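Colleague: What follows is the file protein.csv, containing CSV, C-alpha atoms:
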```
chain,number,residue,atom,x,y,z
S,213,MET,CA,0.0,0.0,0.0
S,214,GLN,CA,2.8,2.4,0.9
S,215,SER,CA,4.7,1.7,-2.3
S,216,GLN,CA,1.6,2.4,-4.3
S,217,GLU,CA,1.1,5.7,-2.5
S,218,GLN,CA,4.7,6.6,-3.1
S,219,SER,CA,4.4,5.7,-6.7
S,220,ALA,CA,1.2,7.9,-7.0
S,221,ILE,CA,3.1,10.9,-5.4
S,222,VAL,CA,6.0,10.4,-7.8
S,223,SER,CA,3.7,10.2,-10.8
S,224,LEU,CA,1.8,13.3,-9.6
S,225,TRP,CA,5.0,15.3,-9.4
S,226,ARG,CA,6.2,14.0,-12.7
S,227,ASP,CA,3.0,15.0,-14.4
S,228,ASN,CA,3.1,18.5,-12.9
S,229,TRP,CA,6.8,18.9,-13.8
S,230,ALA,CA,6.0,17.9,-17.3
S,231,SER,CA,4.0,21.1,-17.6
S,232,SER,CA,6.1,24.0,-18.8
S,233,GLU,CA,3.7,26.4,-17.0
S,234,TYR,CA,4.2,24.6,-13.7
S,235,ARG,CA,8.0,24.6,-14.1
S,236,ARG,CA,7.9,28.3,-15.0
S,237,LYS,CA,5.8,29.3,-12.0
S,238,LEU,CA,7.7,27.0,-9.6
S,239,ILE,CA,11.2,28.2,-10.7
S,240,SER,CA,10.2,31.9,-10.9
S,241,GLY,CA,8.5,31.6,-7.5
S,242,LEU,CA,11.6,30.0,-5.9
S,243,ILE,CA,13.8,32.7,-7.3
S,244,ILE,CA,11.6,35.5,-6.1
S,245,ILE,CA,11.2,34.0,-2.6
S,246,SER,CA,15.0,33.6,-2.4
S,247,LEU,CA,15.5,37.2,-3.3
S,248,ILE,CA,12.9,38.2,-0.7
S,249,LEU,CA,14.5,36.2,2.1
S,250,ILE,CA,17.9,37.6,1.2
S,251,SER,CA,16.5,41.2,1.4
S,252,LEU,CA,14.6,40.7,4.7
S,253,PRO,CA,17.4,41.5,7.1
S,254,PHE,CA,18.3,44.7,5.3
S,255,PHE,CA,14.7,45.8,5.2
S,256,TYR,CA,14.0,45.0,8.8
S,257,GLN,CA,17.1,46.6,10.1
S,258,ALA,CA,16.2,49.8,8.1
S,259,ILE,CA,12.7,50.1,9.4
S,260,GLU,CA,13.9,49.5,13.0
S,261,GLN,CA,15.7,52.9,12.7
S,262,ARG,CA,12.5,54.8,12.0
S,263,ASN,CA,10.4,56.6,14.5
S,264,GLY,CA,6.7,55.8,14.2
S,265,ILE,CA,3.3,56.0,15.9
S,266,LYS,CA,2.5,54.2,19.1
S,267,PHE,CA,-1.2,53.2,19.5
S,268,ASN,CA,-3.2,53.3,22.6
S,269,ASP,CA,-4.2,49.6,22.5
S,270,TYR,CA,-6.7,48.9,25.2
S,271,LEU,CA,-6.5,45.1,24.9
S,272,LEU,CA,-2.7,45.2,25.3
S,273,GLN,CA,-3.0,47.4,28.3
S,274,TRP,CA,-5.3,44.8,29.9
S,275,LEU,CA,-3.2,41.8,28.8
S,276,PRO,CA,-0.2,40.9,31.0
S,277,ALA,CA,3.0,40.4,29.0
S,278,TYR,CA,4.5,36.9,29.1
S,279,ASP,CA,7.3,35.2,27.2
S,280,LEU,CA,5.6,32.5,25.1
S,281,SER,CA,8.5,32.1,22.8
S,282,LEU,CA,8.8,28.3,23.2
S,283,PHE,CA,5.0,27.8,22.6
S,284,ILE,CA,5.1,30.1,19.5
S,285,PHE,CA,8.2,28.3,18.1
S,286,VAL,CA,6.8,24.8,18.6
S,287,THR,CA,3.4,25.7,17.2
S,288,ILE,CA,4.7,27.5,14.1
S,289,TRP,CA,7.3,25.0,13.1
S,290,SER,CA,5.1,21.9,13.9
S,291,MET,CA,2.5,23.3,11.5
S,292,ALA,CA,5.3,24.1,9.0
S,293,LEU,CA,6.5,20.5,9.2
S,294,LEU,CA,3.0,19.2,8.5
S,295,THR,CA,2.5,21.7,5.7
S,296,PHE,CA,5.9,20.7,4.1
S,297,HIS,CA,4.8,17.1,4.3
S,298,ARG,CA,1.7,17.9,2.4
S,299,PHE,CA,3.8,19.8,-0.2
S,300,ARG,CA,5.6,16.5,-0.9
S,301,GLN,CA,2.2,14.8,-1.5
S,302,ASP,CA,0.6,17.6,-3.6
S,303,PRO,CA,2.6,19.9,-5.9
S,304,GLN,CA,-0.3,22.2,-6.3
S,305,ILE,CA,-0.4,22.9,-2.5
S,306,PHE,CA,3.3,23.7,-2.7
S,307,LEU,CA,2.9,26.1,-5.6
S,308,THR,CA,-0.1,27.9,-4.1
S,309,PHE,CA,1.6,28.3,-0.7
S,310,LEU,CA,4.8,29.5,-2.4
S,311,TRP,CA,3.1,32.3,-4.3
S,312,GLY,CA,0.9,33.1,-1.3
S,313,PHE,CA,4.0,33.5,0.9
S,314,ILE,CA,5.6,35.7,-1.8
S,315,LEU,CA,2.5,38.0,-1.8
S,316,ILE,CA,2.4,38.1,2.0
S,317,ASN,CA,6.0,39.3,2.2
S,318,LEU,CA,5.7,41.8,-0.6
S,319,SER,CA,2.5,43.1,1.0
S,320,ARG,CA,4.2,43.4,4.3
S,321,PHE,CA,7.1,45.3,2.7
S,322,VAL,CA,4.5,47.8,1.5
S,323,SER,CA,2.3,48.0,4.6
S,324,ILE,CA,5.2,48.2,7.0
S,325,GLY,CA,6.9,50.8,4.8
S,326,LEU,CA,3.7,52.9,4.6
S,327,VAL,CA,2.6,52.5,8.2
S,328,PRO,CA,5.6,53.4,10.5
S,329,LEU,CA,4.8,52.1,14.0
S,330,ASN,CA,6.7,52.0,17.2
S,331,ALA,CA,6.6,48.8,19.3
S,332,PRO,CA,3.9,48.3,21.9
S,333,ASP,CA,4.7,48.8,25.5
S,334,ASN,CA,6.1,45.9,27.5
S,335,LEU,CA,7.2,44.0,24.3
S,336,VAL,CA,8.8,40.7,25.1
S,337,ALA,CA,11.2,39.5,22.4
S,338,ILE,CA,10.4,36.2,20.7
S,339,HIS,CA,13.2,33.8,20.8
S,340,ASP,CA,13.0,31.8,17.5
S,341,PRO,CA,16.4,30.9,16.1
S,342,ILE,CA,14.9,30.0,12.7
S,343,SER,CA,12.7,33.1,12.1
S,344,ASN,CA,15.1,35.5,13.8
S,345,PHE,CA,17.8,34.5,11.4
S,346,PHE,CA,16.0,36.6,8.8
S,347,TYR,CA,15.8,39.6,11.0
S,348,GLY,CA,19.5,40.3,11.0
S,349,PRO,CA,21.8,41.0,13.9
S,350,LYS,CA,19.3,42.9,16.0
S,351,PHE,CA,15.8,41.7,17.1
S,352,ILE,CA,13.2,43.7,15.2
S,353,THR,CA,10.3,45.3,17.0
S,354,LYS,CA,8.7,47.5,14.3
S,355,ASP,CA,7.6,44.9,11.7
S,356,LEU,CA,4.1,45.4,12.9
S,357,PHE,CA,1.3,45.9,10.4
S,358,PHE,CA,0.3,43.2,9.6
S,359,SER,CA,1.3,40.1,11.7
S,360,GLY,CA,3.5,37.8,9.7
S,361,HIS,CA,3.2,35.0,12.3
S,362,THR,CA,-0.6,35.1,12.1
S,363,SER,CA,-0.6,35.4,8.3
S,364,ALA,CA,1.7,32.4,7.8
S,365,MET,CA,-0.6,30.2,10.0
S,366,PHE,CA,-3.7,31.3,8.2
S,367,LEU,CA,-2.1,30.8,4.8
S,368,MET,CA,-1.4,27.2,5.8
S,369,PHE,CA,-5.1,26.9,6.8
S,370,LEU,CA,-6.2,28.1,3.4
S,371,CYS,CA,-3.8,25.9,1.4
S,372,LEU,CA,-4.2,22.6,3.3
S,373,ARG,CA,-6.9,20.4,2.0
S,374,LYS,CA,-7.6,17.7,4.5
S,375,ASN,CA,-10.2,18.6,7.1
S,376,ALA,CA,-8.1,17.5,10.0
S,377,ASP,CA,-5.2,19.6,8.7
S,378,LYS,CA,-7.3,22.6,8.3
S,379,ILE,CA,-8.7,22.3,11.8
S,380,LEU,CA,-5.2,22.1,13.2
S,381,ALA,CA,-4.1,25.1,11.1
S,382,LEU,CA,-7.1,27.2,12.2
S,383,ILE,CA,-6.5,26.4,15.8
S,384,ALA,CA,-2.8,27.2,15.4
S,385,THR,CA,-3.8,30.6,13.8
S,386,VAL,CA,-6.0,31.6,16.7
S,387,LEU,CA,-3.4,30.4,19.3
S,388,ILE,CA,-0.5,32.2,17.6
S,389,GLY,CA,-2.6,35.4,17.2
S,390,ILE,CA,-3.4,35.3,21.0
S,391,ALA,CA,0.2,34.4,21.8
S,392,VAL,CA,1.8,37.3,19.9
S,393,LEU,CA,-0.6,39.7,21.7
S,394,ILE,CA,0.3,38.3,25.1
S,395,GLN,CA,3.9,38.7,24.1
S,396,HIS,CA,3.1,42.3,23.1
S,397,VAL,CA,5.0,42.0,19.9
S,398,HIS,CA,1.9,43.2,17.9
S,399,TYR,CA,-1.0,45.5,18.2
S,400,THR,CA,-4.5,44.1,18.1
S,401,MET,CA,-5.1,45.5,14.7
S,402,ASP,CA,-2.0,43.8,13.3
S,403,VAL,CA,-3.4,40.4,14.3
S,404,LEU,CA,-7.1,41.0,13.4
S,405,MET,CA,-6.2,42.3,9.9
S,406,ALA,CA,-3.7,39.5,9.1
S,407,PRO,CA,-6.3,36.8,8.2
S,408,LEU,CA,-8.4,39.2,6.1
S,409,ILE,CA,-5.4,40.4,4.1
S,410,THR,CA,-4.0,36.9,3.8
S,411,TYR,CA,-7.3,35.6,2.4
S,412,PHE,CA,-7.2,38.1,-0.5
S,413,LEU,CA,-3.5,37.4,-1.1
S,414,TRP,CA,-4.3,33.6,-1.2
S,415,VAL,CA,-7.0,34.3,-3.8
S,416,GLY,CA,-4.3,36.2,-5.8
S,417,ALA,CA,-1.9,33.3,-5.4
S,418,LYS,CA,-4.5,30.9,-6.7
S,419,LYS,CA,-5.1,33.1,-9.7
S,420,ILE,CA,-1.4,33.1,-10.5
S,421,VAL,CA,-1.2,29.3,-10.1
S,422,GLU,CA,-4.3,28.7,-12.2
S,423,LEU,CA,-3.4,31.1,-15.1
```
Let's see the structure in the file written out as structure tokens.
Modeller:
Amino acid sequence: MQSQEQSAIVSLWRDNWASSEYRRKLISGLIIISLILISLPFFYQAIEQRNGIKFNDYLLQWLPAYDLSLFIFVTIWSMALLTFHRFRQDPQIFLTFLWGFILINLSRFVSIGLVPLNAPDNLVAIHDPISNFFYGPKFITKDLFFSGHTSAMFLMFLCLRKNADKILALIATVLIGIAVLIQHVHYTMDVLMAPLITYFLWVGAKKIVEL
């Protein structure tokens, strides 16, 4: 049974790779995301030097600030491992997520650039050796609108197809949204707007993939 499943996965990837359109979108997407990842530390270090607006966020004033770094790290990368496993099984999920992630990062470049914000009070730095690698030498506090953590989780929810996977991803989205607020690394609006913005970016990614 397992060998048949493996054969089906290999055949599925072979069929998709045989399409010149799939190859073009996959290769161009990988090049673009590589350039984005390379540029992230320079962008983040630059925006950290700006002075911006600080919001009077009543929810954050009410919430105590705790370090939930371990919980955030485990939740995000556990869901990432599940999603990567589904990538191996379904090349279309991989391509849609890839372009969705590209659009999220490009949109955050624009929104963070246009909306300069200072960090919330009582911010507790997130210790995530994988994610923080892309911040550069200094922890970044001003990459605020909109929440990249919440967006990444919600993009997984949108891209995954199995009901059990989607339930896990939706729960993870809610938990990460709450956790980054308790950590005071985002304003409430950053978290609430992330799923809405991500939905429209996912629709855009699907249109790119389906063209």
Colleague: Set the distance at 7 Å and use all atoms listed in the file: which residues neighbour stretch 254-257 of chain S once local chain neighbours fewer than 5 positions away are removed? I'd like the list as a PyMOL selection string.
Modeller: chain S and resi 347-348+352
Colleague: Can you work out which one of S:Gln301, S:Asn344, S:Thr362, S:Thr353 has the shortest atom-to-atom distance to S:Glu217, counting all atoms listed in the file?
Modeller: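 Among the listed residues, S:Gln301 lies closest to S:Glu217.
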Colleague: Counting all atoms listed in the file, what is within 12 Å of S:Ala258, bar same-chain residues fewer than 6 positions away, as a PyMOL selection string?
Modeller: chain S and resi 251-252+321+324-325+328+347-350+352-355
Colleague: Which residues come within 12 Å of S:Phe267, counting all atoms listed in the file, excluding same-chain residues fewer than 2 positions away, as a PyMOL selection string?
Modeller: chain S and resi 264-265+269-273+327-333+356-357+398-402
Colleague: Restricting the calculation to all atoms listed in the file, which member of S:Val336, S:Phe309, S:Ile390, S:Ile383 is positioned closest to S:Gly416?
Modeller: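 For S:Gly416, the nearest of the given residues is S:Phe309.
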Colleague: Mind giving me the straight-line distance from atom CA of S:Ile305 to atom CA of S:Arg373 in Å, one decimal?
Modeller: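 Computing it gives 8.3 Å between the two atoms.
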Colleague: Set the distance at 10 Å and use only C-alpha atoms: which residues neighbour S:Lys378 once local chain neighbours fewer than 5 positions away are removed? I'd like the list as a list in words.
Modeller: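 My reading of the contact set: Phe366, Met368, Phe369, Leu370, Cys371, Leu372, Arg373, Ile383 and Ala384 of chain S.
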Colleague: Give me, please, the distance in Å between atom CA of S:Val286 and atom CA of S:Pro303, quoted to one decimal.
Modeller: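 Distance reported for this atom pair: 25.3 Å.
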Colleague: For S:Ala292, which residue out of S:Ser359, S:Leu318, S:Met365, S:Leu326 is the nearest one, using all atoms listed in the file?
Modeller: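 Checking each candidate against S:Ala292, we get S:Met365 as the closest.
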Colleague: Taking into account only C-alpha atoms, which residue in the set S:Met405, S:Ile379, S:Ile243, S:Ala220 is nearest to S:Ser363?
Modeller: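 Smallest distance to S:Ser363 is found for S:Met405.
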Colleague: Hey, which of S:Phe285, S:Gly389, S:Asp377, S:Phe313 ends up closest to S:Ile342? Count all atoms listed in the file.
Modeller: S:Phe285
Colleague: Hey, which of S:Ile394, S:Asp279, S:Met291, S:Lys418 ends up closest to S:Leu382? Count all atoms listed in the file.
Modeller: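 Residue with the minimum atom-to-atom distance to S:Leu382: S:Met291.
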Colleague: Measure the distance from atom CA of S:Ala376 to atom CA of S:Arg298 in Å and round it to one decimal.
Modeller: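 Between atom CA of S:Ala376 and atom CA of S:Arg298 the gap works out to 12.4 Å.
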Colleague: Generate the missing atoms of stretch 353-372 of chain S up to N, CA and C atoms and report them as a PDB file, in the frame of the given file.
Modeller:
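Once written, selection-v4.pdb looks like this:
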```pdb
ATOM      1  N   THR S 353      11.502  45.078  16.262  1.00  0.00           N
ATOM      2  CA  THR S 353      10.300  45.300  17.000  1.00  0.00           C
ATOM      3  C   THR S 353       9.238  46.117  16.219  1.00  0.00           C
ATOM      4  N   LYS S 354       9.610  46.611  15.019  1.00  0.00           N
ATOM      5  CA  LYS S 354       8.700  47.500  14.300  1.00  0.00           C
ATOM      6  C   LYS S 354       8.156  46.922  13.004  1.00  0.00           C
ATOM      7  N   ASP S 355       8.260  45.611  12.844  1.00  0.00           N
ATOM      8  CA  ASP S 355       7.600  44.900  11.700  1.00  0.00           C
ATOM      9  C   ASP S 355       6.207  44.586  12.060  1.00  0.00           C
ATOM     10  N   LEU S 356       5.361  45.586  12.211  1.00  0.00           N
ATOM     11  CA  LEU S 356       4.100  45.400  12.900  1.00  0.00           C
ATOM     12  C   LEU S 356       2.895  45.129  12.059  1.00  0.00           C
ATOM     13  N   PHE S 357       2.584  46.021  11.155  1.00  0.00           N
ATOM     14  CA  PHE S 357       1.300  45.900  10.400  1.00  0.00           C
ATOM     15  C   PHE S 357       1.610  45.276   9.016  1.00  0.00           C
ATOM     16  N   PHE S 358       1.177  44.036   8.798  1.00  0.00           N
ATOM     17  CA  PHE S 358       0.300  43.200   9.600  1.00  0.00           C
ATOM     18  C   PHE S 358       1.112  42.014  10.148  1.00  0.00           C
ATOM     19  N   SER S 359       0.551  41.217  11.045  1.00  0.00           N
ATOM     20  CA  SER S 359       1.300  40.100  11.700  1.00  0.00           C
ATOM     21  C   SER S 359       1.702  39.037  10.742  1.00  0.00           C
ATOM     22  N   GLY S 360       3.017  38.871  10.578  1.00  0.00           N
ATOM     23  CA  GLY S 360       3.500  37.800   9.700  1.00  0.00           C
ATOM     24  C   GLY S 360       3.290  36.425  10.302  1.00  0.00           C
ATOM     25  N   HIS S 361       3.407  36.304  11.624  1.00  0.00           N
ATOM     26  CA  HIS S 361       3.200  35.000  12.300  1.00  0.00           C
ATOM     27  C   HIS S 361       1.741  34.530  12.012  1.00  0.00           C
ATOM     28  N   THR S 362       0.780  35.423  12.246  1.00  0.00           N
ATOM     29  CA  THR S 362      -0.600  35.100  12.100  1.00  0.00           C
ATOM     30  C   THR S 362      -0.936  34.779  10.598  1.00  0.00           C
ATOM     31  N   SER S 363      -0.369  35.574   9.714  1.00  0.00           N
ATOM     32  CA  SER S 363      -0.600  35.400   8.300  1.00  0.00           C
ATOM     33  C   SER S 363      -0.079  34.046   7.797  1.00  0.00           C
ATOM     34  N   ALA S 364       1.111  33.669   8.246  1.00  0.00           N
ATOM     35  CA  ALA S 364       1.700  32.400   7.800  1.00  0.00           C
ATOM     36  C   ALA S 364       0.816  31.225   8.244  1.00  0.00           C
ATOM     37  N   MET S 365       0.310  31.281   9.485  1.00  0.00           N
ATOM     38  CA  MET S 365      -0.600  30.200  10.000  1.00  0.00           C
ATOM     39  C   MET S 365      -1.854  30.154   9.160  1.00  0.00           C
ATOM     40  N   PHE S 366      -2.429  31.317   8.876  1.00  0.00           N
ATOM     41  CA  PHE S 366      -3.700  31.300   8.200  1.00  0.00           C
ATOM     42  C   PHE S 366      -3.517  30.912   6.712  1.00  0.00           C
ATOM     43  N   LEU S 367      -2.374  31.230   6.118  1.00  0.00           N
ATOM     44  CA  LEU S 367      -2.100  30.800   4.800  1.00  0.00           C
ATOM     45  C   LEU S 367      -2.024  29.242   4.719  1.00  0.00           C
ATOM     46  N   MET S 368      -1.428  28.636   5.745  1.00  0.00           N
ATOM     47  CA  MET S 368      -1.400  27.200   5.800  1.00  0.00           C
ATOM     48  C   MET S 368      -2.843  26.636   5.887  1.00  0.00           C
ATOM     49  N   PHE S 369      -3.674  27.269   6.709  1.00  0.00           N
ATOM     50  CA  PHE S 369      -5.100  26.900   6.800  1.00  0.00           C
ATOM     51  C   PHE S 369      -5.757  26.906   5.439  1.00  0.00           C
ATOM     52  N   LEU S 370      -5.537  27.969   4.700  1.00  0.00           N
ATOM     53  CA  LEU S 370      -6.200  28.100   3.400  1.00  0.00           C
ATOM     54  C   LEU S 370      -5.673  27.121   2.374  1.00  0.00           C
ATOM     55  N   CYS S 371      -4.386  26.793   2.434  1.00  0.00           N
ATOM     56  CA  CYS S 371      -3.800  25.900   1.400  1.00  0.00           C
ATOM     57  C   CYS S 371      -3.990  24.447   1.677  1.00  0.00           C
ATOM     58  N   LEU S 372      -4.009  24.053   2.936  1.00  0.00           N
ATOM     59  CA  LEU S 372      -4.200  22.600   3.300  1.00  0.00           C
ATOM     60  C   LEU S 372      -5.566  22.169   2.855  1.00  0.00           C
TER      61      LEU S 372
END
```
